[in-house]
Amino acid sequence: MYLCIDVGGTKTLIALFSNSGKLLHSIKFPTNINQTKFYQTLIQQIKVNFVLSGIKAISVAMPGIVKNNYATWLGNLPWHNFDIAKKLNQDFNLPVYVENDANLAALAEARNTKGRSVYFTFSTGIGGGVVEDGQLVKRYLDFEPGHIEYIYKDKKAEWEDFAAASAINARFGKYVSDLTTPEEWDEVTQRILLGLVPLTISIKPARIFFGGPLGLHLNHYRTKLRKAFLAELPSNLTAPRFFIAKYGSFSSIYGCYYYAKLKESHR
C-alpha cells in the first residue's frame with residue numbers, strides 16, 4: 001500500500017492506496033499556514049486515521065518548487081526549505097517521495113498518452129506540469145505558469161493574479177460554480193486566454209488538461225475559449241485538444257500514487 005499526501009494552499013488531502021491503485025481511504029484537513037503547526041497536525045491525522053502496517057512508501061505533492069525531493073519554495077504558502085521527506089522518514093521509517101503537485105497531476109492525467117501534454121490547475125493559484133510519452137519532462141519540472149507576467153487591463157500582472165479560480169471568485173464575489181451569465185464566462189475566457197496562447201506556442205502540446213475548480217468547469221466556456229484560442233494560435237501550429245481532468249480534484253493525489261510506484265520500481 002501507499003500513503004499519499006496532497007498539500008494544498010487551503011486544504012491537505014491524505015489518501016491510502018492499494019498496490020493496484022485503488023483508493024481505500026482518504027481524509028482532508030485545513031492547511032495551517034504555520035509550517036510547524038501544519039506538520040504536527042499532519043502527523044496527528046496520519047496516526048489517528050490510518051493503519052501504517054503494510055505501507056511501502058509515502059508520496060507527497062507540494063505546491064511550488066521541489067528539487068531533489070526537497071521543497072524549496074511553496075508558492076502561496078509562506079514556507080521555505082521544507083524538508084518534509086526527512087521529517088516523515090524519521091517519524092515513520094518509510095521511503096518518502098516528494099514532487100510538485102501540478103507535475104504529479106500531469107503524470108496522473110497523461111501517463112498513458114503519446115506525445116506532449118500539459119496540465120493546468122486553476123485553483124488558489126495556477127500550476128502546471130508537462131508530460132511527454134507518459135513521463136515528466138525534466139526541463140519543465142520547475143514550471144510555474146501562474147507566475148508568468150502578462151498585460152491585463154493595461155497593467156502587468158501574474159497570470160494567476162487574474163485567472164486563478166481565487167481571482168475569479170474575488171472578481172465576481174462568488175464561486176466559479178455560481179457563475180451563470182454569458183458575460184461572466186466571456187471574461188473568464190479572456191483571462192485564461194492571455195496565458196494559454198503563449199504557453200501553447202512555447203510548449204506545443206498535443207493536448208491540454210484543465211484541472212482545479214475553474215478548469216473542471218471547462219464545459220461552461222469551452223466553446224468560447226476554443227474559438228478565441230484558435231483565432232490567436234499561429235496557423236503553422238497544430239491545435240491541441242482540450243480535456244477536463246478525469247481525476248477531478250484528485251489528480252494530484254493519484255499522481256502521488258503513480259509517482260511512488262515509479263520510484264519504488266527503480267529502487
# chains A, B, ... in the order shown; residues from 1 in each chain; ligands from 1

$ select_by_dssp --residues "segment 143-236 of chain A" --states "strand (DSSP E or B)" --output "PyMOL selection string"
chain A and resi 149-152+155-158+207-211

$ write_last_selection --atoms "C-alpha atoms" --output "short mmCIF file (atom, residue, chain, number, x, y, z; two decimals), in the first residue's frame"
data_model
loop_
_atom_site.label_atom_id
_atom_site.label_comp_id
_atom_site.auth_asym_id
_atom_site.auth_seq_id
_atom_site.Cartn_x
_atom_site.Cartn_y
_atom_site.Cartn_z
CA GLU A 149 3.52 38.07 -16.15
CA TYR A 150 1.15 39.40 -18.81
CA ILE A 151 -0.51 42.72 -19.53
CA TYR A 152 -4.09 42.62 -18.30
CA LYS A 155 -1.29 46.57 -16.08
CA LYS A 156 1.43 43.96 -15.72
CA ALA A 157 0.29 41.09 -13.50
CA GLU A 158 1.00 37.42 -12.94
CA ARG A 207 -3.40 18.01 -25.56
CA ILE A 208 -4.19 20.29 -22.63
CA PHE A 209 -5.78 19.03 -19.42
CA PHE A 210 -7.77 21.52 -17.34
CA GLY A 211 -7.96 20.99 -13.57
#

$ residues_around --residues "segment 68-75 of chain A" --least-positions-apart "6" --cutoff "7 Å" --atoms "only C-alpha atoms" --output "PDB file with N, CA and C atoms, in the first residue's frame"
ATOM      1  N   ASN A  81      12.171  26.026   2.203  1.00  0.00           N
ATOM      2  CA  ASN A  81      13.123  24.980   2.601  1.00  0.00           C
ATOM      3  C   ASN A  81      12.505  23.988   3.596  1.00  0.00           C
ATOM      4  N   PHE A  82      11.401  23.399   3.157  1.00  0.00           N
ATOM      5  CA  PHE A  82      10.650  22.462   3.986  1.00  0.00           C
ATOM      6  C   PHE A  82      11.058  21.040   3.602  1.00  0.00           C
ATOM      7  N   ASP A  83      11.879  20.407   4.423  1.00  0.00           N
ATOM      8  CA  ASP A  83      12.334  19.046   4.143  1.00  0.00           C
ATOM      9  C   ASP A  83      11.350  18.038   4.737  1.00  0.00           C
ATOM     10  N   ALA A  85      10.259  15.353   3.470  1.00  0.00           N
ATOM     11  CA  ALA A  85      10.670  13.958   3.255  1.00  0.00           C
ATOM     12  C   ALA A  85      11.503  13.450   4.439  1.00  0.00           C
ATOM     13  N   TYR A  97       8.724  10.179  -1.123  1.00  0.00           N
ATOM     14  CA  TYR A  97       8.962  10.796  -2.426  1.00  0.00           C
ATOM     15  C   TYR A  97       8.142  12.079  -2.528  1.00  0.00           C
ATOM     16  N   VAL A  98       8.810  13.176  -2.860  1.00  0.00           N
ATOM     17  CA  VAL A  98       8.162  14.487  -2.912  1.00  0.00           C
ATOM     18  C   VAL A  98       8.298  15.068  -4.310  1.00  0.00           C
ATOM     19  N   GLU A  99       7.204  15.634  -4.822  1.00  0.00           N
ATOM     20  CA  GLU A  99       7.237  16.290  -6.127  1.00  0.00           C
ATOM     21  C   GLU A  99       6.182  17.389  -6.156  1.00  0.00           C
TER      22      GLU A  99
END

$ closest_atom_pairs --of "segment 54-86 of chain A" --to "segment 6-14 of chain A" --cutoff "6 Å" --atoms "only C-alpha atoms" --output "CSV"
residue,atom,partner,partner_atom,distance
A:Val60,CA,A:Asp6,CA,5.9
A:Ala61,CA,A:Asp6,CA,4.6
A:Met62,CA,A:Val7,CA,5.3

$ write_last_selection --atoms "C-alpha atoms" --output "compact mmCIF listing (two decimals), in the first residue's frame"
# COMPACT_ATOMS: atom_id res chain seq x y z
CA VAL A 60 3.83 13.90 -1.16
CA ALA A 61 2.51 16.52 -3.58
CA MET A 62 3.67 20.03 -2.70

$ residues_around --residues "Leu141 of chain A" --least-positions-apart "2" --cutoff "9 Å" --atoms "only C-alpha atoms" --output "mmCIF file with N, CA and C atoms, in the first residue's frame"
data_model
loop_
_atom_site.group_PDB
_atom_site.id
_atom_site.type_symbol
_atom_site.label_atom_id
_atom_site.label_comp_id
_atom_site.auth_asym_id
_atom_site.auth_seq_id
_atom_site.Cartn_x
_atom_site.Cartn_y
_atom_site.Cartn_z
ATOM 1 N N ILE A 65 8.108 24.936 -5.778
ATOM 2 C CA ILE A 65 9.281 24.320 -6.401
ATOM 3 C C ILE A 65 9.872 23.228 -5.506
ATOM 4 N N VAL A 66 10.017 22.047 -6.104
ATOM 5 C CA VAL A 66 10.612 20.899 -5.403
ATOM 6 C C VAL A 66 11.862 20.481 -6.165
ATOM 7 N N LYS A 67 12.984 20.413 -5.465
ATOM 8 C CA LYS A 67 14.236 19.981 -6.078
ATOM 9 C C LYS A 67 14.851 18.865 -5.240
ATOM 10 N N GLU A 99 7.204 15.634 -4.822
ATOM 11 C CA GLU A 99 7.237 16.290 -6.127
ATOM 12 C C GLU A 99 6.182 17.389 -6.156
ATOM 13 N N ASN A 100 6.328 18.309 -7.079
ATOM 14 C CA ASN A 100 5.351 19.386 -7.264
ATOM 15 C C ASN A 100 3.963 18.823 -7.563
ATOM 16 N N ASN A 103 2.900 18.789 -11.304
ATOM 17 C CA ASN A 103 3.638 17.755 -12.034
ATOM 18 C C ASN A 103 3.008 16.392 -11.812
ATOM 19 N N GLY A 129 2.066 21.265 -15.280
ATOM 20 C CA GLY A 129 3.036 20.193 -15.447
ATOM 21 C C GLY A 129 3.039 19.734 -16.891
ATOM 22 N N VAL A 130 4.181 19.227 -17.346
ATOM 23 C CA VAL A 130 4.320 18.791 -18.739
ATOM 24 C C VAL A 130 4.795 17.342 -18.775
ATOM 25 N N LEU A 136 7.328 12.667 -16.994
ATOM 26 C CA LEU A 136 7.518 14.082 -16.718
ATOM 27 C C LEU A 136 8.718 14.598 -17.502
ATOM 28 N N VAL A 137 8.565 15.779 -18.094
ATOM 29 C CA VAL A 137 9.649 16.373 -18.885
ATOM 30 C C VAL A 137 10.574 17.143 -17.945
ATOM 31 N N LYS A 138 11.825 16.766 -17.909
ATOM 32 C CA LYS A 138 12.781 17.307 -16.934
ATOM 33 C C LYS A 138 12.889 18.830 -16.996
ATOM 34 N N ARG A 139 12.899 19.398 -18.193
ATOM 35 C CA ARG A 139 13.097 20.844 -18.321
ATOM 36 C C ARG A 139 11.911 21.646 -17.788
ATOM 37 N N PHE A 143 8.242 24.248 -13.695
ATOM 38 C CA PHE A 143 7.261 25.037 -14.441
ATOM 39 C C PHE A 143 6.277 25.703 -13.480
ATOM 40 N N GLU A 144 6.243 27.030 -13.492
ATOM 41 C CA GLU A 144 5.332 27.789 -12.633
ATOM 42 C C GLU A 144 4.550 28.784 -13.493
#

$ closest_residue --among "A:Pro198, A:Gly173, A:Gly115, A:Gly255" --to "Glu132 of chain A" --atoms "only C-alpha atoms"
A:Gly115

$ closest_residue --among "A:Lys28, A:Arg226, A:Lys204, A:His217" --to "Tyr175 of chain A" --atoms "only C-alpha atoms"
A:His217

$ select_by_dssp --residues "segment 20-104 of chain A" --states "helix (DSSP H, G or I)" --output "MDAnalysis selection string"
chainID A and resid 35:49 84:92 101:104

$ write_last_selection --atoms "N, CA and C atoms" --output "PDB file, in the first residue's frame"
ATOM      1  N   GLN A  35       4.107  26.493   9.422  1.00  0.00           N
ATOM      2  CA  GLN A  35       4.726  25.253   8.964  1.00  0.00           C
ATOM      3  C   GLN A  35       4.830  24.198  10.073  1.00  0.00           C
ATOM      4  N   THR A  36       5.233  24.628  11.245  1.00  0.00           N
ATOM      5  CA  THR A  36       5.381  23.691  12.366  1.00  0.00           C
ATOM      6  C   THR A  36       4.039  23.118  12.790  1.00  0.00           C
ATOM      7  N   LYS A  37       3.028  23.979  12.910  1.00  0.00           N
ATOM      8  CA  LYS A  37       1.700  23.524  13.309  1.00  0.00           C
ATOM      9  C   LYS A  37       1.091  22.624  12.240  1.00  0.00           C
ATOM     10  N   PHE A  38       1.335  22.968  10.962  1.00  0.00           N
ATOM     11  CA  PHE A  38       0.849  22.108   9.884  1.00  0.00           C
ATOM     12  C   PHE A  38       1.403  20.702  10.028  1.00  0.00           C
ATOM     13  N   TYR A  39       2.713  20.595  10.232  1.00  0.00           N
ATOM     14  CA  TYR A  39       3.323  19.269  10.293  1.00  0.00           C
ATOM     15  C   TYR A  39       2.830  18.486  11.508  1.00  0.00           C
ATOM     16  N   GLN A  40       2.639  19.164  12.620  1.00  0.00           N
ATOM     17  CA  GLN A  40       2.115  18.499  13.819  1.00  0.00           C
ATOM     18  C   GLN A  40       0.722  17.933  13.546  1.00  0.00           C
ATOM     19  N   THR A  41      -0.113  18.724  12.865  1.00  0.00           N
ATOM     20  CA  THR A  41      -1.461  18.262  12.525  1.00  0.00           C
ATOM     21  C   THR A  41      -1.407  17.100  11.538  1.00  0.00           C
ATOM     22  N   LEU A  42      -0.518  17.188  10.570  1.00  0.00           N
ATOM     23  CA  LEU A  42      -0.360  16.121   9.582  1.00  0.00           C
ATOM     24  C   LEU A  42      -0.036  14.790  10.260  1.00  0.00           C
ATOM     25  N   ILE A  43       0.932  14.803  11.141  1.00  0.00           N
ATOM     26  CA  ILE A  43       1.329  13.580  11.848  1.00  0.00           C
ATOM     27  C   ILE A  43       0.163  13.031  12.671  1.00  0.00           C
ATOM     28  N   GLN A  44      -0.533  13.924  13.344  1.00  0.00           N
ATOM     29  CA  GLN A  44      -1.675  13.502  14.161  1.00  0.00           C
ATOM     30  C   GLN A  44      -2.757  12.862  13.299  1.00  0.00           C
ATOM     31  N   GLN A  45      -3.074  13.486  12.158  1.00  0.00           N
ATOM     32  CA  GLN A  45      -4.112  12.962  11.265  1.00  0.00           C
ATOM     33  C   GLN A  45      -3.724  11.594  10.701  1.00  0.00           C
ATOM     34  N   ILE A  46      -2.451  11.414  10.382  1.00  0.00           N
ATOM     35  CA  ILE A  46      -1.990  10.126   9.867  1.00  0.00           C
ATOM     36  C   ILE A  46      -2.134   9.044  10.941  1.00  0.00           C
ATOM     37  N   LYS A  47      -1.675   9.345  12.134  1.00  0.00           N
ATOM     38  CA  LYS A  47      -1.693   8.340  13.205  1.00  0.00           C
ATOM     39  C   LYS A  47      -3.102   7.977  13.660  1.00  0.00           C
ATOM     40  N   VAL A  48      -4.000   8.953  13.619  1.00  0.00           N
ATOM     41  CA  VAL A  48      -5.374   8.717  14.070  1.00  0.00           C
ATOM     42  C   VAL A  48      -6.206   8.000  13.012  1.00  0.00           C
ATOM     43  N   ASN A  49      -5.965   8.313  11.739  1.00  0.00           N
ATOM     44  CA  ASN A  49      -6.869   7.849  10.678  1.00  0.00           C
ATOM     45  C   ASN A  49      -6.355   6.705   9.809  1.00  0.00           C
ATOM     46  N   ILE A  84      10.163  18.009   4.143  1.00  0.00           N
ATOM     47  CA  ILE A  84       9.105  17.148   4.660  1.00  0.00           C
ATOM     48  C   ILE A  84       9.469  15.677   4.481  1.00  0.00           C
ATOM     49  N   ALA A  85      10.259  15.353   3.470  1.00  0.00           N
ATOM     50  CA  ALA A  85      10.670  13.958   3.255  1.00  0.00           C
ATOM     51  C   ALA A  85      11.503  13.450   4.439  1.00  0.00           C
ATOM     52  N   LYS A  86      12.453  14.259   4.874  1.00  0.00           N
ATOM     53  CA  LYS A  86      13.303  13.868   6.004  1.00  0.00           C
ATOM     54  C   LYS A  86      12.478  13.689   7.275  1.00  0.00           C
ATOM     55  N   LYS A  87      11.537  14.606   7.508  1.00  0.00           N
ATOM     56  CA  LYS A  87      10.701  14.543   8.705  1.00  0.00           C
ATOM     57  C   LYS A  87       9.830  13.284   8.709  1.00  0.00           C
ATOM     58  N   LEU A  88       9.183  13.017   7.584  1.00  0.00           N
ATOM     59  CA  LEU A  88       8.307  11.848   7.511  1.00  0.00           C
ATOM     60  C   LEU A  88       9.104  10.549   7.602  1.00  0.00           C
ATOM     61  N   ASN A  89      10.277  10.547   7.010  1.00  0.00           N
ATOM     62  CA  ASN A  89      11.128   9.359   7.090  1.00  0.00           C
ATOM     63  C   ASN A  89      11.552   9.088   8.534  1.00  0.00           C
ATOM     64  N   GLN A  90      11.870  10.139   9.252  1.00  0.00           N
ATOM     65  CA  GLN A  90      12.267   9.990  10.658  1.00  0.00           C
ATOM     66  C   GLN A  90      11.104   9.501  11.517  1.00  0.00           C
ATOM     67  N   ASP A  91       9.892   9.977  11.215  1.00  0.00           N
ATOM     68  CA  ASP A  91       8.728   9.618  12.030  1.00  0.00           C
ATOM     69  C   ASP A  91       8.164   8.238  11.707  1.00  0.00           C
ATOM     70  N   PHE A  92       8.287   7.807  10.436  1.00  0.00           N
ATOM     71  CA  PHE A  92       7.638   6.555  10.039  1.00  0.00           C
ATOM     72  C   PHE A  92       8.590   5.509   9.469  1.00  0.00           C
ATOM     73  N   ASP A 101       2.929  19.435  -6.983  1.00  0.00           N
ATOM     74  CA  ASP A 101       1.569  18.905  -7.117  1.00  0.00           C
ATOM     75  C   ASP A 101       1.057  18.900  -8.558  1.00  0.00           C
ATOM     76  N   ALA A 102       1.347  19.961  -9.315  1.00  0.00           N
ATOM     77  CA  ALA A 102       0.865  20.011 -10.701  1.00  0.00           C
ATOM     78  C   ALA A 102       1.611  19.009 -11.578  1.00  0.00           C
ATOM     79  N   ASN A 103       2.900  18.789 -11.304  1.00  0.00           N
ATOM     80  CA  ASN A 103       3.638  17.755 -12.034  1.00  0.00           C
ATOM     81  C   ASN A 103       3.008  16.392 -11.812  1.00  0.00           C
ATOM     82  N   LEU A 104       2.640  16.116 -10.564  1.00  0.00           N
ATOM     83  CA  LEU A 104       2.032  14.826 -10.254  1.00  0.00           C
ATOM     84  C   LEU A 104       0.647  14.692 -10.875  1.00  0.00           C
TER      85      LEU A 104
END

$ closest_residue --among "A:Gly125, A:Ala105, A:Ala110, A:Tyr119" --to "Leu77 of chain A" --atoms "only C-alpha atoms"
A:Gly125
